[in-house]
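Just protein_13.txt here, compact mmCIF, C-alpha atoms:
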```
# COMPACT_ATOMS: atom_id res chain seq x y z
CA MET A 30 17.47 60.49 -7.76
CA ALA A 31 16.79 59.70 -11.40
CA GLY A 32 17.26 55.92 -11.37
CA THR A 33 15.85 55.05 -7.96
CA LYS A 34 12.18 55.23 -8.85
CA GLU A 35 12.63 52.96 -11.84
CA ILE A 36 14.55 50.46 -9.74
CA ARG A 37 11.80 50.51 -7.11
CA THR A 38 9.11 49.76 -9.69
CA LYS A 39 11.25 47.00 -11.16
CA ILE A 40 11.68 45.40 -7.73
CA ALA A 41 7.94 45.54 -7.12
CA SER A 42 7.21 43.88 -10.47
CA VAL A 43 9.74 41.08 -9.89
CA LYS A 44 8.27 40.54 -6.43
CA SER A 45 4.77 40.10 -7.80
CA THR A 46 6.07 37.63 -10.39
CA GLN A 47 7.80 35.74 -7.61
CA LYS A 48 4.54 35.55 -5.69
CA ILE A 49 2.85 33.94 -8.70
CA THR A 50 5.62 31.42 -9.29
CA LYS A 51 5.66 30.52 -5.61
CA ALA A 52 1.90 29.93 -5.62
CA MET A 53 2.18 27.82 -8.78
CA GLN A 54 4.91 25.77 -7.16
CA MET A 55 2.76 25.01 -4.15
CA VAL A 56 -0.28 24.16 -6.24
CA ALA A 57 1.81 21.84 -8.42
CA THR A 58 3.21 20.11 -5.33
CA SER A 59 -0.19 19.24 -3.90
CA LYS A 60 -1.55 18.21 -7.31
CA MET A 61 1.46 16.01 -7.87
CA ARG A 62 0.80 14.10 -4.65
CA ARG A 63 -2.78 13.45 -5.68
CA ALA A 64 -1.72 12.36 -9.16
CA GLN A 65 0.78 9.97 -7.61
CA ASP A 66 -2.00 8.45 -5.52
CA ARG A 67 -4.09 7.92 -8.63
CA MET A 68 -1.12 6.32 -10.33
CA ARG A 69 -0.84 3.83 -7.49
CA LEU A 70 -4.59 3.13 -7.53
CA ALA A 71 -4.50 2.26 -11.23
CA ARG A 72 -1.88 -0.43 -10.77
CA PRO A 73 -3.93 -3.35 -9.34
CA TYR A 74 -6.43 -3.18 -12.21
CA ALA A 75 -3.72 -3.30 -14.87
CA ASP A 76 -1.94 -6.14 -13.07
CA LYS A 77 -5.12 -8.20 -12.81
CA MET A 78 -5.94 -7.53 -16.46
CA ARG A 79 -2.50 -8.72 -17.43
CA ALA A 80 -2.88 -11.88 -15.39
CA THR A 81 -6.28 -12.56 -16.95
CA ILE A 82 -4.86 -12.16 -20.45
CA GLY A 83 -2.14 -14.60 -19.44
CA HIS A 84 -4.75 -17.12 -18.27
CA LEU A 85 -6.75 -16.73 -21.44
CA THR A 86 -3.84 -17.17 -23.81
CA GLU A 87 -2.56 -20.08 -21.76
CA ALA A 88 -5.90 -21.82 -21.96
CA ASN A 89 -6.24 -21.30 -25.72
CA PRO A 90 -2.86 -21.86 -27.32
CA ASP A 91 -4.42 -22.27 -30.79
CA TYR A 92 -6.55 -19.17 -30.76
CA ARG A 93 -4.83 -15.93 -31.65
CA HIS A 94 -6.73 -12.71 -31.18
CA PRO A 95 -6.05 -10.09 -33.92
CA PHE A 96 -4.54 -7.87 -31.20
CA MET A 97 -1.89 -10.50 -30.57
CA VAL A 98 -0.86 -11.25 -34.13
CA THR A 99 2.28 -9.53 -35.35
CA ARG A 100 1.87 -8.20 -38.87
CA GLU A 101 4.26 -6.74 -41.39
CA PRO A 102 4.48 -3.07 -40.29
CA LYS A 103 3.33 -1.04 -43.27
CA SER A 104 1.77 1.66 -41.16
CA ILE A 105 2.00 2.51 -37.48
CA GLY A 106 -0.03 4.47 -34.97
CA ILE A 107 1.39 6.52 -32.13
CA ILE A 108 -0.62 7.76 -29.17
CA VAL A 109 1.18 10.80 -27.80
CA ILE A 110 0.23 12.05 -24.37
CA SER A 111 1.26 15.60 -23.61
CA THR A 112 0.13 18.30 -21.21
CA ASP A 113 -2.58 20.87 -21.79
CA ARG A 114 -0.70 23.72 -20.20
CA GLY A 115 2.83 25.01 -20.40
CA LEU A 116 5.27 26.26 -17.74
CA CYS A 117 6.43 22.76 -16.97
CA GLY A 118 10.04 22.91 -18.08
CA GLY A 119 11.20 20.71 -20.89
CA LEU A 120 8.63 17.99 -20.30
CA ASN A 121 6.66 18.37 -23.52
CA ALA A 122 9.75 19.14 -25.58
CA ASN A 123 11.29 15.85 -24.45
CA ILE A 124 8.12 13.90 -25.25
CA PHE A 125 7.97 15.42 -28.72
CA LYS A 126 11.64 14.80 -29.35
CA ASN A 127 11.23 11.13 -28.49
CA THR A 128 8.13 10.88 -30.66
CA ILE A 129 9.98 12.44 -33.58
CA TYR A 130 12.81 9.92 -33.18
CA LEU A 131 10.28 7.10 -33.13
CA LEU A 132 8.41 8.27 -36.19
CA ARG A 133 11.58 9.04 -38.15
CA GLU A 134 12.77 5.53 -37.36
CA TRP A 135 9.57 3.98 -38.72
CA GLN A 136 9.39 6.34 -41.66
CA GLY A 137 12.94 5.23 -42.45
CA LYS A 138 11.63 1.68 -42.63
CA GLY A 139 9.02 2.84 -45.08
CA ALA A 140 6.05 2.78 -42.70
CA GLU A 141 3.34 5.38 -42.67
CA VAL A 142 2.68 7.16 -39.38
CA ASN A 143 -0.72 7.97 -37.94
CA LEU A 144 -1.08 9.98 -34.79
CA CYS A 145 -3.49 10.08 -31.90
CA LEU A 146 -2.94 13.10 -29.69
CA ILE A 147 -3.93 13.50 -26.08
CA GLY A 148 -3.31 16.98 -24.68
CA SER A 149 -3.36 20.32 -26.46
CA LYS A 150 0.41 20.91 -26.47
CA GLY A 151 0.87 17.83 -28.60
CA LEU A 152 -1.89 18.93 -30.92
CA GLY A 153 -0.24 22.30 -31.41
CA PHE A 154 3.11 20.72 -32.14
CA PHE A 155 2.19 17.81 -34.40
CA ARG A 156 -0.35 19.73 -36.43
CA ARG A 157 2.56 21.38 -38.21
CA LEU A 158 4.06 18.07 -39.35
CA GLY A 159 1.13 17.39 -41.63
CA LEU A 160 0.82 13.73 -40.60
CA PRO A 161 -2.64 12.22 -40.41
CA ILE A 162 -4.19 12.67 -36.98
CA LEU A 163 -6.80 9.95 -36.41
CA ALA A 164 -8.13 11.12 -33.08
CA ASN A 165 -7.45 13.63 -30.40
CA ILE A 166 -8.68 14.75 -27.03
CA THR A 167 -7.61 17.76 -25.01
CA HIS A 168 -8.39 19.27 -21.62
CA LEU A 169 -8.65 16.09 -19.63
CA GLY A 170 -7.83 18.17 -16.58
CA ASP A 171 -5.83 17.08 -13.58
CA ARG A 172 -8.03 14.05 -13.08
CA PRO A 173 -8.27 12.14 -16.33
CA HIS A 174 -11.11 9.64 -16.51
CA VAL A 175 -11.20 6.37 -18.40
CA LYS A 176 -14.57 7.47 -19.74
CA ASP A 177 -12.99 10.35 -21.66
CA LEU A 178 -10.35 8.13 -23.23
CA ILE A 179 -12.58 5.30 -24.48
CA GLY A 180 -13.53 6.97 -27.76
CA THR A 181 -10.02 8.13 -28.56
CA VAL A 182 -8.53 4.70 -27.91
CA LYS A 183 -11.32 2.99 -29.81
CA VAL A 184 -10.45 4.90 -32.99
CA MET A 185 -6.94 3.50 -32.82
CA LEU A 186 -8.12 -0.03 -31.96
CA ASP A 187 -10.57 0.04 -34.86
CA ALA A 188 -7.81 1.25 -37.16
CA TYR A 189 -5.71 -1.68 -36.01
CA ARG A 190 -8.53 -4.15 -36.43
CA GLU A 191 -9.21 -2.90 -39.95
CA GLY A 192 -5.53 -3.17 -40.82
CA ARG A 193 -4.93 0.54 -41.29
CA ILE A 194 -2.21 0.43 -38.69
CA ASP A 195 -0.02 -2.57 -37.86
CA ARG A 196 1.62 -1.34 -34.68
CA LEU A 197 0.39 0.92 -31.92
CA PHE A 198 2.74 2.82 -29.63
CA LEU A 199 2.16 4.95 -26.59
CA VAL A 200 4.48 7.84 -25.74
CA ASN A 201 4.19 9.58 -22.41
CA ALA A 202 6.34 10.98 -19.63
CA HIS A 203 7.37 8.34 -17.14
CA PHE A 204 7.38 9.56 -13.56
CA VAL A 205 10.70 8.41 -12.13
CA ASN A 206 10.73 10.75 -9.16
CA THR A 207 10.06 14.38 -8.39
CA MET A 208 13.25 15.52 -10.08
CA THR A 209 13.24 13.15 -13.05
CA GLN A 210 10.57 12.52 -15.63
CA LYS A 211 11.60 10.80 -18.77
CA PRO A 212 9.63 10.11 -21.91
CA VAL A 213 8.99 6.44 -22.61
CA VAL A 214 7.76 4.60 -25.68
CA GLU A 215 5.68 1.53 -25.12
CA GLN A 216 4.21 -0.87 -27.64
CA LEU A 217 0.50 -1.38 -27.06
CA LEU A 218 -0.35 -3.46 -30.10
CA PRO A 219 0.21 -6.21 -30.88
CA VAL A 220 0.04 -7.24 -27.23
CA GLU A 221 3.07 -9.19 -26.23
CA ALA A 222 1.93 -12.51 -24.85
CA VAL A 223 2.39 -13.01 -21.14
CA SER A 224 4.57 -16.01 -20.59
CA SER A 225 3.02 -18.72 -18.47
CA GLY A 226 6.03 -18.66 -16.18
CA ASP A 227 4.83 -15.31 -14.82
CA LEU A 228 1.57 -16.77 -13.63
CA ALA A 229 1.59 -17.90 -10.06
CA GLU A 230 -1.46 -20.14 -10.25
CA HIS A 231 -3.52 -21.58 -12.97
CA TRP A 232 -7.01 -22.97 -13.15
CA ASP A 233 -9.19 -24.43 -15.79
CA TYR A 234 -11.78 -21.75 -16.23
CA ILE A 235 -15.27 -22.05 -17.53
CA TYR A 236 -15.67 -19.41 -20.23
CA GLU A 237 -18.94 -17.71 -20.81
CA PRO A 238 -19.83 -17.15 -23.63
CA SER A 239 -16.49 -18.05 -25.24
CA ALA A 240 -12.81 -17.53 -24.57
CA ALA A 241 -12.48 -15.52 -27.78
CA GLY A 242 -15.29 -13.16 -26.83
CA ILE A 243 -13.90 -12.60 -23.35
CA LEU A 244 -10.39 -12.08 -24.67
CA ASP A 245 -11.67 -9.33 -26.94
CA GLY A 246 -13.31 -7.49 -24.04
CA VAL A 247 -10.32 -7.99 -21.79
CA LEU A 248 -7.76 -6.86 -24.35
CA MET A 249 -9.73 -3.73 -25.17
CA ARG A 250 -9.98 -2.82 -21.49
CA TYR A 251 -6.35 -3.66 -20.93
CA ILE A 252 -5.23 -1.23 -23.60
CA GLU A 253 -7.60 1.44 -22.33
CA SER A 254 -6.22 1.00 -18.86
CA GLN A 255 -2.67 1.31 -20.24
CA VAL A 256 -3.56 4.59 -21.91
CA TYR A 257 -5.29 5.75 -18.74
CA ARG A 258 -2.21 4.88 -16.72
CA GLY A 259 -0.12 6.83 -19.22
CA ALA A 260 -2.41 9.83 -18.89
CA VAL A 261 -2.31 9.78 -15.08
CA GLU A 262 1.43 9.31 -15.03
CA ASN A 263 1.77 12.19 -17.43
CA VAL A 264 -0.23 14.42 -15.07
CA ALA A 265 2.04 13.45 -12.19
CA SER A 266 5.09 14.19 -14.35
CA GLU A 267 3.62 17.50 -15.47
CA MET A 268 3.05 18.60 -11.90
CA ALA A 269 6.52 17.50 -10.81
CA ALA A 270 8.13 19.28 -13.76
CA ARG A 271 6.11 22.41 -13.08
CA MET A 272 7.03 22.29 -9.42
CA VAL A 273 10.74 22.18 -10.23
CA ALA A 274 10.46 24.84 -12.94
CA MET A 275 8.53 27.17 -10.65
CA LYS A 276 10.99 26.63 -7.83
CA ALA A 277 13.83 27.64 -10.14
CA ALA A 278 11.84 30.67 -11.28
CA SER A 279 11.16 31.76 -7.68
CA ASP A 280 14.84 31.34 -6.78
CA ASN A 281 15.92 33.37 -9.78
CA ALA A 282 13.41 36.09 -8.91
CA GLY A 283 14.87 36.17 -5.39
CA LYS A 284 18.38 36.60 -6.76
CA LEU A 285 17.22 39.35 -9.09
CA ILE A 286 15.51 41.19 -6.24
CA ASN A 287 18.68 41.06 -4.15
CA GLU A 288 20.75 42.46 -6.98
CA LEU A 289 18.26 45.22 -7.68
CA GLN A 290 18.06 46.09 -4.00
CA LEU A 291 21.82 46.52 -3.90
CA ILE A 292 21.78 48.80 -6.94
CA TYR A 293 18.90 50.75 -5.44
CA ASN A 294 20.72 51.26 -2.12
CA LYS A 295 23.85 52.39 -3.92
CA ALA A 296 21.92 54.88 -6.02
CA ARG A 297 20.16 56.22 -2.94
CA GLN A 298 23.44 56.55 -1.05
CA ALA A 299 25.05 58.33 -4.00
CA ALA A 300 22.16 60.79 -4.14
CA ILE A 301 22.46 61.56 -0.42
CA THR A 302 26.23 62.01 -0.66
CA LYS A 303 25.76 64.33 -3.59
CA GLU A 304 23.20 66.40 -1.74
CA LEU A 305 25.47 66.67 1.31
CA ALA A 306 28.35 67.75 -0.86
CA GLU A 307 26.15 70.41 -2.39
CA ILE A 308 25.08 71.74 1.00
CA VAL A 309 28.65 71.78 2.27
CA GLY A 310 29.78 73.44 -0.94
CA GLY A 311 27.00 76.02 -0.60
CA ALA A 312 27.90 76.75 3.05
CA ALA A 313 31.54 77.19 2.15
CA ALA A 314 30.62 79.69 -0.53
CA VAL A 315 28.74 81.91 1.92
CA MET B 12 -15.54 -23.09 8.56
CA ALA B 13 -12.98 -21.34 6.45
CA GLU B 14 -14.82 -22.32 3.31
CA SER B 15 -17.94 -20.36 4.08
CA VAL B 16 -16.54 -17.06 2.90
CA ILE B 17 -15.00 -15.95 -0.31
CA HIS B 18 -12.69 -12.99 -0.86
CA VAL B 19 -14.05 -10.35 -3.19
CA ASP B 20 -12.05 -7.63 -4.93
CA VAL B 21 -13.82 -5.01 -6.98
CA VAL B 22 -11.28 -2.88 -8.81
CA SER B 23 -11.65 -0.29 -11.52
CA ALA B 24 -8.94 1.35 -13.60
CA GLU B 25 -9.26 4.42 -11.40
CA GLY B 26 -9.00 2.69 -8.06
CA GLU B 27 -10.09 -0.04 -5.72
CA ILE B 28 -13.80 -0.04 -4.95
CA PHE B 29 -14.26 -2.95 -2.59
CA SER B 30 -12.07 -5.56 -0.99
CA GLY B 31 -13.13 -7.99 1.69
CA PRO B 32 -14.78 -11.30 2.54
CA ALA B 33 -18.30 -12.17 1.43
CA LYS B 34 -20.88 -14.89 1.96
CA MET B 35 -22.41 -14.45 -1.42
CA VAL B 36 -21.90 -12.22 -4.45
CA PHE B 37 -24.39 -11.43 -7.20
CA VAL B 38 -23.14 -10.05 -10.48
CA PRO B 39 -24.76 -9.09 -13.80
CA ALA B 40 -22.92 -11.42 -16.17
CA SER B 41 -23.34 -10.99 -19.91
CA GLU B 42 -25.31 -14.25 -20.16
CA GLY B 43 -27.56 -13.41 -17.23
CA ASP B 44 -27.21 -12.57 -13.55
CA ILE B 45 -25.28 -15.06 -11.49
CA GLY B 46 -24.86 -15.63 -7.79
CA ILE B 47 -21.50 -16.77 -6.51
CA ALA B 48 -21.20 -18.74 -3.32
CA PRO B 49 -17.89 -19.92 -1.82
CA ARG B 50 -16.35 -22.86 -3.72
CA HIS B 51 -17.80 -21.77 -7.00
CA ALA B 52 -16.10 -23.27 -10.06
CA PRO B 53 -13.42 -21.10 -11.72
CA LEU B 54 -15.14 -18.90 -14.25
CA LEU B 55 -14.26 -16.06 -16.57
CA THR B 56 -17.00 -13.97 -18.06
CA LEU B 57 -17.86 -10.47 -19.16
CA LEU B 58 -20.24 -8.27 -17.22
CA LYS B 59 -22.95 -6.01 -18.50
CA ALA B 60 -24.14 -2.80 -16.87
CA GLY B 61 -25.89 -3.40 -13.58
CA GLU B 62 -25.21 -3.76 -9.91
CA VAL B 63 -22.89 -6.02 -8.02
CA ARG B 64 -24.39 -7.12 -4.72
CA ILE B 65 -22.02 -8.31 -2.03
CA GLN B 66 -23.28 -9.96 1.15
CA THR B 67 -20.68 -9.76 3.90
CA PRO B 68 -20.40 -12.40 6.66
CA GLU B 69 -21.70 -9.77 9.12
CA GLY B 70 -24.94 -9.66 7.20
CA ALA B 71 -24.40 -6.26 5.60
CA GLU B 72 -24.97 -5.73 1.93
CA HIS B 73 -22.87 -3.63 -0.45
CA LEU B 74 -24.27 -2.43 -3.72
CA ILE B 75 -21.84 -1.33 -6.41
CA PHE B 76 -22.90 -0.09 -9.79
CA VAL B 77 -20.74 -1.26 -12.68
CA GLY B 78 -20.96 -0.11 -16.27
CA GLY B 79 -19.62 -3.44 -17.46
CA GLY B 80 -16.41 -5.30 -16.90
CA VAL B 81 -14.82 -8.66 -16.45
CA LEU B 82 -15.52 -11.25 -13.77
CA GLU B 83 -12.94 -13.76 -12.70
CA ILE B 84 -13.69 -16.48 -10.19
CA GLN B 85 -10.80 -18.36 -8.70
CA PRO B 86 -11.22 -21.06 -6.05
CA LYS B 87 -10.90 -18.66 -3.12
CA LYS B 88 -11.22 -15.31 -4.76
CA VAL B 89 -13.65 -13.36 -6.89
CA THR B 90 -12.28 -10.45 -8.88
CA VAL B 91 -14.55 -7.95 -10.55
CA LEU B 92 -12.71 -5.72 -12.98
CA ALA B 93 -15.29 -2.99 -13.16
CA ASP B 94 -15.75 -0.27 -15.74
CA THR B 95 -16.46 3.08 -14.15
CA ALA B 96 -18.02 4.32 -17.33
CA LEU B 97 -21.22 3.02 -18.81
CA ARG B 98 -20.24 0.79 -21.70
CA ALA B 99 -22.35 -0.09 -24.66
CA LYS B 100 -21.47 -0.57 -28.27
CA ASP B 101 -23.26 2.53 -29.53
CA ILE B 102 -21.97 4.73 -26.70
CA ASP B 103 -18.40 3.68 -27.48
CA GLU B 104 -19.09 4.23 -31.15
CA ALA B 105 -20.34 7.76 -30.51
CA ALA B 106 -17.28 8.54 -28.37
CA ALA B 107 -14.99 7.27 -31.12
CA LEU B 108 -16.79 9.38 -33.67
CA ALA B 109 -16.43 12.46 -31.48
CA ALA B 110 -12.68 11.82 -31.13
CA LYS B 111 -12.36 11.52 -34.91
CA GLN B 112 -14.30 14.72 -35.45
CA ARG B 113 -12.10 16.58 -33.02
CA ALA B 114 -9.04 15.45 -34.95
CA GLU B 115 -10.55 16.58 -38.23
CA GLU B 116 -11.47 19.93 -36.79
CA ALA B 117 -7.98 20.32 -35.37
CA LEU B 118 -6.54 19.72 -38.83
CA LYS B 119 -8.96 22.17 -40.39
CA ASP B 120 -8.00 24.74 -37.77
CA LYS B 121 -4.44 24.47 -38.93
CA VAL B 122 -5.22 26.19 -42.23
CA ASP B 123 -6.94 29.05 -40.47
CA LYS B 124 -4.26 29.42 -37.83
CA ILE B 125 -1.46 29.37 -40.37
CA SER B 126 -3.08 31.94 -42.58
CA GLN B 127 -3.70 34.03 -39.48
CA ALA B 128 -0.07 33.74 -38.46
CA GLU B 129 1.02 34.61 -41.99
CA ALA B 130 -1.25 37.64 -42.06
CA LEU B 131 0.14 38.76 -38.72
CA ALA B 132 3.70 38.40 -39.97
CA GLU B 133 2.82 40.34 -43.10
CA LEU B 134 1.30 43.10 -40.98
CA THR B 135 4.40 43.41 -38.76
CA ARG B 136 6.59 43.53 -41.82
CA ALA B 137 4.48 46.29 -43.33
CA ALA B 138 4.48 48.25 -40.07
CA ALA B 139 8.27 47.98 -39.82
CA GLN B 140 8.62 49.20 -43.38
CA LEU B 141 6.38 52.19 -42.64
CA LYS B 142 8.44 53.05 -39.58
CA LEU B 143 11.63 52.93 -41.61
CA ILE B 144 10.18 55.20 -44.27
CA GLU B 145 9.12 57.64 -41.56
CA LYS B 146 12.62 57.67 -40.10
CA LEU B 147 14.22 58.23 -43.48
CA ARG B 148 11.87 61.09 -44.13
CA LYS B 149 12.79 62.74 -40.81
CA LEU B 150 16.49 62.37 -41.57
CA LYS B 151 16.06 63.98 -44.92
CA GLY B 152 13.78 66.71 -43.71
```
Represent the structure from my file as structure tokens, please.
Amino acid sequence: MAGTKEIRTKIASVKSTQKITKAMQMVATSKMRRAQDRMRLARPYADKMRATIGHLTEANPDYRHPFMVTREPKSIGIIVISTDRGLCGGLNANIFKNTIYLLREWQGKGAEVNLCLIGSKGLGFFRRLGLPILANITHLGDRPHVKDLIGTVKVMLDAYREGRIDRLFLVNAHFVNTMTQKPVVEQLLPVEAVSSGDLAEHWDYIYEPSAAGILDGVLMRYIESQVYRGAVENVASEMAARMVAMKAASDNAGKLINELQLIYNKARQAAITKELAEIVGGAAAV
Amino acid sequence: MAESVIHVDVVSAEGEIFSGPAKMVFVPASEGDIGIAPRHAPLLTLLKAGEVRIQTPEGAEHLIFVGGGVLEIQPKKVTVLADTALRAKDIDEAAALAAKQRAEEALKDKVDKISQAEALAELTRAAAQLKLIEKLRKLKG
């Protein structure tokens, strides 16, 4: 009966691990639904912002806001959104891989790279590269708020305004569906002008105080809302990835338990057979 | 009288706050509070912190606090793009400064963490060496 006790303890330990992974899977599922709702809620604001920018640029063809002027890219900024916690499969690894491709590409063109990191996993990873990190924020939680992102985004916008960066990119996980999340790179600055053909209606607005002043406020909010959308989408992706990873872990634990149970039963049976043989052997000897 | 109401949408980046018809809307525009009645001229302006007051055709009043935002008036529609957070130049400035500081601290941390990791590696190496010496001694003895 030497091995049976060990096998029993092993089974118990795998079972308790399975309980944890199952619980994590369920938590991730419900959080993912809520994150998806928030993703949907953020859409009308961004759409309306975009339309307003379209109206403003349409009305002032001569005026070009600094955020809309394309400059020679000597230096770029990348906002990387990653998760705060692990156990979500290859989500962060994929985001980082894409970011590395992006920054190698620009470094190849002779541009300097500045980073802005949202999420502690990204901070841990990119710290080792030794690139300048202009701003960072971690622990936004499962419900990121625009309020928490304002400062971080402002650092990058100021850097752009002062000419320290000439392009601004956003990298985050795009939520395709529950099974697929793929990292996407999006250019935030300069803002690509909305073509007038996209606008359904057009009016001659009165601008108070001036179109330029309004455009500044609108563009700033637009970019903030883009980063917010990225953060919320990243949360949804994180939860989906964790859900899938935890499901796989629970399934594997189940398989392992079955295998161990079989080994345990065999060992037990062997022990009984041996004992019987001993008794029979003993009786025969008498 | 279809013209006696105007459709109002109040949306923030985090979700929709209000959507429905109104008789009159009061908003805190950056140049001073304005009241918007149906058939107001198209207008685009920024908002400052304050409250948006919406009078519905049923006579009810909705009060919504905004921290700032953008107001867009179209012939039949008023859109308030509201900030959920209180916005002011110095508040934004302080938040930006905090973000910068965090980044600097994170970079400073790196030195400590790396030296810690190195020390840990050194320690494991030393421990392994000790173990090996012990083993060799036993073999000999």
Hey, could you make a per-residue contact list for chain B against chain A with 9 Å as the cut-off, showing the nearest pair of atoms and its distance in Å to one decimal, counting only C-alpha atoms, sorted by chain and number, as CSV?
```
residue,atom,partner,partner_atom,distance
B:Val22,CA,A:Tyr74,CA,5.9
B:Ser23,CA,A:Tyr74,CA,6.0
B:Ala24,CA,A:Ala71,CA,5.1
B:Glu25,CA,A:Ala71,CA,5.2
B:Gly26,CA,A:Leu70,CA,4.5
B:Glu27,CA,A:Leu70,CA,6.6
B:Ala40,CA,A:Glu237,CA,8.8
B:Ser41,CA,A:Pro238,CA,8.0
B:Glu42,CA,A:Pro238,CA,7.1
B:Ala52,CA,A:Ile235,CA,7.6
B:Pro53,CA,A:Tyr234,CA,4.8
B:Leu54,CA,A:Ile235,CA,4.5
B:Leu55,CA,A:Tyr236,CA,5.2
B:Thr56,CA,A:Glu237,CA,5.0
B:Leu57,CA,A:Ile243,CA,6.1
B:Gly80,CA,A:Gly246,CA,8.1
B:Val81,CA,A:Val247,CA,7.0
B:Glu83,CA,A:Thr81,CA,8.0
B:Ile84,CA,A:Tyr234,CA,8.2
B:Gln85,CA,A:Trp232,CA,7.4
B:Pro86,CA,A:Trp232,CA,8.5
B:Thr90,CA,A:Lys77,CA,8.5
B:Leu92,CA,A:Tyr74,CA,6.8
B:Ala93,CA,A:Tyr74,CA,8.9
B:Asp94,CA,A:Val175,CA,8.5
B:Thr95,CA,A:Lys176,CA,7.4
B:Ala96,CA,A:Lys176,CA,5.3
B:Leu97,CA,A:Lys176,CA,8.1
B:Arg98,CA,A:Lys176,CA,9.0
B:Ile102,CA,A:Gly180,CA,8.8
B:Asp103,CA,A:Gly180,CA,5.9
B:Glu104,CA,A:Gly180,CA,7.1
B:Ala105,CA,A:Gly180,CA,7.4
B:Ala106,CA,A:Gly180,CA,4.1
B:Ala107,CA,A:Gly180,CA,3.7
B:Leu108,CA,A:Gly180,CA,7.2
B:Ala109,CA,A:Gly180,CA,7.2
B:Ala110,CA,A:Ala164,CA,5.0
B:Lys111,CA,A:Ala164,CA,4.6
B:Gln112,CA,A:Ala164,CA,7.5
B:Arg113,CA,A:Asn165,CA,6.1
B:Ala114,CA,A:Ala164,CA,4.8
B:Glu115,CA,A:Ile162,CA,7.6
B:Ala117,CA,A:Leu152,CA,7.7
B:Leu118,CA,A:Arg156,CA,6.6
B:Lys121,CA,A:Arg156,CA,6.7
```
Distance query Ala270 in chain A at most 7 Å, all atoms listed in the file, self and fewer than 4 positions along chain excluded, as a PyMOL selection string: chain A and resi 117-118+120+266+274
Those residues you just picked out, can you put them in a file as an mmCIF file, keeping the file's coordinate frame with C-alpha atoms?
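File part_16.cif, as written:
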```cif
data_model
loop_
_atom_site.group_PDB
_atom_site.id
_atom_site.type_symbol
_atom_site.label_atom_id
_atom_site.label_comp_id
_atom_site.auth_asym_id
_atom_site.auth_seq_id
_atom_site.Cartn_x
_atom_site.Cartn_y
_atom_site.Cartn_z
ATOM 1 C CA CYS A 117 6.430 22.760 -16.970
ATOM 2 C CA GLY A 118 10.040 22.910 -18.080
ATOM 3 C CA LEU A 120 8.630 17.990 -20.300
ATOM 4 C CA SER A 266 5.090 14.190 -14.350
ATOM 5 C CA ALA A 274 10.460 24.840 -12.940
#
```
Between CA of Asp113 in chain A and CA of Val264 in chain A, what distance in Å does the model show, to one decimal? 9.6 Å
Pick out the residues sitting within 7 Å of Asp195 in chain A, and hand them over as an mmCIF file with C-alpha atoms, in the frame of the given file; count only C-alpha atoms, and ignore anything fewer than 2 positions along from it in its own chain.
```
data_model
loop_
_atom_site.group_PDB
_atom_site.id
_atom_site.type_symbol
_atom_site.label_atom_id
_atom_site.label_comp_id
_atom_site.auth_asym_id
_atom_site.auth_seq_id
_atom_site.Cartn_x
_atom_site.Cartn_y
_atom_site.Cartn_z
ATOM 1 C CA ARG A 100 1.870 -8.200 -38.870
ATOM 2 C CA GLU A 101 4.260 -6.740 -41.390
ATOM 3 C CA PRO A 102 4.480 -3.070 -40.290
ATOM 4 C CA LYS A 103 3.330 -1.040 -43.270
ATOM 5 C CA SER A 104 1.770 1.660 -41.160
ATOM 6 C CA ILE A 105 2.000 2.510 -37.480
ATOM 7 C CA TYR A 189 -5.710 -1.680 -36.010
ATOM 8 C CA GLY A 192 -5.530 -3.170 -40.820
ATOM 9 C CA ARG A 193 -4.930 0.540 -41.290
ATOM 10 C CA LEU A 197 0.390 0.920 -31.920
#
```
What's the separation between CA of Ala265 in chain A and CA of Gly79 in chain B, in Å to one decimal place?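 Spanning CA of Ala265 in chain A to CA of Gly79 in chain B is a straight-line distance of 28.0 Å.
Take CA of Arg93 in chain A and CA of Gly78 in chain B: the distance between them is 27.3 Å.
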Calculated over only C-alpha atoms, which of the candidates B:Leu141, B:Leu147, B:Leu82, B:Val16 has the smallest distance to Pro39 in chain B? B:Leu82
Give, as lines of an AutoDock Vina configuration file, the centre coordinates and the x, y and z edge lengths in Å to one decimal for an axis-aligned box around all listed atoms of range 61-71 of chain B, padded by 8 Å on each side.
```
center_x = -23.1
center_y = -7.9
center_z = -2.2
size_x = 21.5
size_y = 25.0
size_z = 38.7
```
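In terms of minimum interatomic distance to Asn263 in chain A, A:Val205 ranks closest within A:Ala314, A:Leu116, A:Ile194, A:Val205, counting only C-alpha atoms.
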Step by step: start from the point (12.1, 11.4, -22.0) in the file's coordinates, keep every protein, DNA or RNA residue that has an atom no farther than 10 Å from it, count all atoms listed in the file, and write the set as a list in words.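 Applying the cut-off with all atoms listed in the file, one gets Gly119, Leu120, Asn121, Ala122, Asn123, Ile124, Phe125, Lys126, Asn127, Thr128, Val200, Asn201, Ala202, His203, Phe204, Thr209, Gln210, Lys211, Pro212, Val213 and Val214 of chain A.
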